[in-house]
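Trainee: There's a structure below that I have some questions on.
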Amino acid sequence: MSALPTILLIALGGATGAVARYLTYLGARSLPALPSYAATMTVNLLGCLLIGVAMTIIEQQHQLQREILMFGVVGFLGSYTTFSAFGLESYNLISSGEFVSMMISVSLNLVLGITAVWASRSITLLIIS
C-alpha cells in the first residue's frame, strides 16, 4: 500500500473518530447525575475498551488487512482518544513483566501532562495579559 491511500484512510478514520468523540462527550455531559469530569472519562474508557477489542481481534486474525488497522486504530481511535493508546502501552508493559516501567510511564504521563497544562497556561496568561 502506498503512502497516499494510507494517509487518506487515517484521515477518514480520524475525522470519524473526532465526530464520535464529540457525540460521546455530548451524550455523557447530558446526564445530570454525572460530575463534570465524567464526560472525558467516558470517552477515555470507551477508547480503552475499543482498542482492547480491536487489538485482540488484530492479534487473532493474522490475515487482517492493514487498511483496517490504519483506519480503525490509527485513525479512528487515534482521534477518538489518545488515552486508549496510553492504556494499551501500559497493558503491554504489564504483560511483558515490566511493571516498574509501567508505573514510571503512568506516573510521568500524569505528572508531566498536568505540569505541561499548568506551565502553558501560566506562560500564555503572562503573554496575553
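Order determines the names: the first chain of the C-alpha cells is A, the second B, and so forth; residues in each chain are numbered 1 upward, and ligands are numbered 1 upward as they are shown.
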Going by DSSP on the backbone, which bits of segment 3-125 of chain A are alpha helix (DSSP H)? Write them as a ChimeraX atom specification, please.

Mentor: /A:3-29,38-60,66-68,78-80,83-95,99-125

Trainee: Tell me, as a compact mmCIF listing (two decimals) with N, CA and C atoms, in the first residue's frame, which residues lie within 12 Å of Leu23 of chain A, counting only C-alpha atoms; anything in the same chain fewer than 3 positions away does not count.

Mentor:
# COMPACT_ATOMS: atom_id res chain seq x y z
N THR A 16 -13.81 10.59 11.46
CA THR A 16 -14.91 9.81 12.04
C THR A 16 -14.74 9.72 13.56
N GLY A 17 -13.51 9.48 14.01
CA GLY A 17 -13.24 9.39 15.44
C GLY A 17 -13.47 10.70 16.18
N ALA A 18 -13.14 11.82 15.52
CA ALA A 18 -13.35 13.13 16.15
C ALA A 18 -14.83 13.40 16.35
N VAL A 19 -15.63 13.07 15.35
CA VAL A 19 -17.08 13.27 15.46
C VAL A 19 -17.65 12.33 16.54
N ALA A 20 -17.17 11.10 16.56
CA ALA A 20 -17.65 10.14 17.57
C ALA A 20 -17.27 10.61 18.97
N LEU A 26 -20.90 14.80 24.30
CA LEU A 26 -22.19 15.47 24.48
C LEU A 26 -23.19 14.56 25.19
N GLY A 27 -23.19 13.30 24.80
CA GLY A 27 -24.10 12.36 25.43
C GLY A 27 -23.84 12.20 26.92
N ALA A 28 -22.57 12.08 27.28
CA ALA A 28 -22.23 11.94 28.69
C ALA A 28 -22.50 13.22 29.48
N ARG A 29 -22.25 14.37 28.85
CA ARG A 29 -22.50 15.66 29.52
C ARG A 29 -23.99 15.90 29.75
N SER A 30 -24.83 15.27 28.95
CA SER A 30 -26.28 15.48 29.08
C SER A 30 -26.88 14.72 30.26
N ALA A 39 -17.57 13.10 31.48
CA ALA A 39 -17.66 13.04 30.02
C ALA A 39 -16.31 12.67 29.41
N THR A 40 -15.25 13.31 29.86
CA THR A 40 -13.92 12.97 29.35
C THR A 40 -13.53 11.57 29.77
N THR A 42 -15.52 9.10 30.29
CA THR A 42 -16.31 8.19 29.45
C THR A 42 -15.64 7.97 28.11
N VAL A 43 -15.21 9.06 27.48
CA VAL A 43 -14.50 8.95 26.19
C VAL A 43 -13.23 8.12 26.36
N TYR A 80 -10.24 9.58 18.39
CA TYR A 80 -11.25 9.46 19.45
C TYR A 80 -10.62 9.76 20.81

Trainee: Identify which of the residues A:Ala54, A:Leu8, A:Ile127, A:Met103 lies closest to Leu77 of chain A, counting only C-alpha atoms when measuring atom-to-atom distances.

Mentor: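 Checking each of A:Ala54, A:Leu8, A:Ile127, A:Met103 against Leu77 of chain A, counting only C-alpha atoms, the winner is A:Ala54.
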
Trainee: Could you work out how far atom CA of Ile7 of chain A lies from atom CA of Gly52 of chain A, giving the answer in Å with one decimal?

Mentor: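 These two atoms are separated by 23.3 Å.
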
Trainee: Nearest residue to Ala3 of chain A out of A:Gln60, A:Gly47, A:Gly87, A:Glu67, using only C-alpha atoms?

Mentor: A:Glu67
